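I have placed the structure first, in the form of structure tokens, so that the comments after it can refer back to it.
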Amino acid sequence: MAGDVSGAGAEGQAEQSVEQTLTRLRAIDLKGSPAARPDSPLTLEDLYRTHRMRLIRLALLLVDEPATAEDVVQEAFTGLHRHWGNLRDSAAAVGYLRTAVVNGSRSVLRRRKTAREYTPPHAPNARSAESLAMLTAEHQHVVKALQQLPPRQREVLVLRYYGNLSEAEIAEAAGISRGTVKSTASRALEALQKIMNTP
């Protein structure tokens with residue numbers, strides 16, 4: 001029973017570290033985001049101006065390469081442009097973009113895995129100096145630990161703490177059930193704690 005208590009405490013500590021780090025990144029991104037113009041109908045340009053950088057950060061947390069993250073987001077906006085006439089409202093547009101970024105990131109990771117099977121693995125590009133400079137050493141440690149998680153676990157934590165999404169929204173964006181979101185988040189936090197405690 002004592003092992004269960006310490007395991008729960010370690011998981012709680014990992015959750016707190018992830019939440020603090022990704023909340024800090026979200027706050028940094030929101031501070032620099034322009035607001036949409038409330039006096040006119042929402043346009044694709046408004047969505048691009050308002051959400052592009054947050055979506056790039058979301059993709060960057062999932063794929064680890066700035067140029068690839070930008071490509072994923074650009075493809076999401078291209079897809080939105082193609083389907084612009086079929087959208088119900090702006091909230092649907094943001095949800096479409098978020099789901100497209102998650103799916104695009106998954107595709108990148110699948111292609112990357114396939115490529116690694118045929119060529120020697122290479123070290124991922126380092127994060128931009130600006131993004132790391134804005135984080136404390138502890139937060140940098142959390143981001144590096146996130147990179148070591150399996151893609152699904154990383155997706156769930158990033159969408160939960162950086163994306164600030166509910167379980168239902170994560171389930172929709174990731175294409176999984178709410179129960180899977182809960183169990184994946186729990187396993188991810190446990191794995192993250194082990195990674196962070198490894199010297």
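Note on naming: chains are A, B, ... as they come in the structure tokens, residues start from 1 per chain, ligands start from 1 in the order shown.
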Could you list, as a ChimeraX atom specification, every residue within 12 Å of Asn164 of chain A, counting only C-alpha atoms and ignoring same-chain residues fewer than 4 positions away? /A:19-20,22-27,54,58,98,156-160,168-170
Hey, what's within 10 Å of segment 145-151 of chain A if we count only C-alpha atoms and toss same-chain stuff fewer than 5 positions away? As a ChimeraX atom specification, please? /A:18,61-64,105-106,109-110,124,139-140,156-158,188-189,191-197
Which polymer residues have any atom within 9 Å of an atom of Leu60 of chain A, counting only C-alpha atoms, with same-chain residues fewer than 4 positions away left out, as JSON, numbers by chain? {"A": [55, 56, 64, 65, 66, 67, 68, 69, 70, 105, 127]}
Just the selected residues (C-alpha atoms), exported as a compact mmCIF listing (two decimals), in the first residue's frame, please.
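The resulting again-v6.txt:
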# COMPACT_ATOMS: atom_id res chain seq x y z
CA LEU A 55 -0.77 25.88 -33.49
CA ILE A 56 2.91 25.98 -34.45
CA ASP A 64 10.24 18.51 -32.21
CA GLU A 65 11.33 20.37 -35.37
CA PRO A 66 10.38 24.02 -36.02
CA ALA A 67 10.34 23.77 -39.82
CA THR A 68 8.26 20.59 -39.73
CA ALA A 69 5.85 22.14 -37.22
CA GLU A 70 5.37 25.13 -39.52
CA SER A 105 1.96 15.60 -36.62
CA ARG A 127 14.54 23.60 -29.98
Could you tell me how far atom CA of Met53 of chain A lies from atom CA of Glu15 of chain A, in Å and to one decimal? 24.7 Å
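Residues in contact range of Ser183 of chain A, defined as at most 12 Å between only C-alpha atoms, with sequence neighbours fewer than 4 positions away removed, read Arg152, Gln153, Val156, Leu157, Glu167, Ala171, Ile176, Ser177, Arg178, Gly179, Arg187, Ala188, Leu189 and Glu190 of chain A.
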Quick one: pull the distance between atom CA of Ala174 of chain A and atom CA of Tyr96 of chain A, Å, one decimal.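 Separation between atom CA of Ala174 of chain A and atom CA of Tyr96 of chain A: 11.5 Å.
Proximity of A:Lys182, A:His141, A:Arg52, A:Arg111 to Ala76 of chain A, computed with only C-alpha atoms, is greatest for A:Arg52.
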Between atom CA of Val101 of chain A and atom CA of Arg57 of chain A, measure the distance and give it in Å to one decimal.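 Going from atom CA of Val101 of chain A over to atom CA of Arg57 of chain A, I get 10.4 Å.
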Which residue is closest to Gly85 of chain A? Choose from A:Thr184, A:Thr114, A:Thr50, A:Thr43 and count only C-alpha atoms. A:Thr43
Hey, what's within 10 Å of Gly175 of chain A if we count only C-alpha atoms and toss same-chain stuff fewer than 5 positions away? As a PyMOL selection string, please? chain A and resi 99+102-103+169-170+180-181
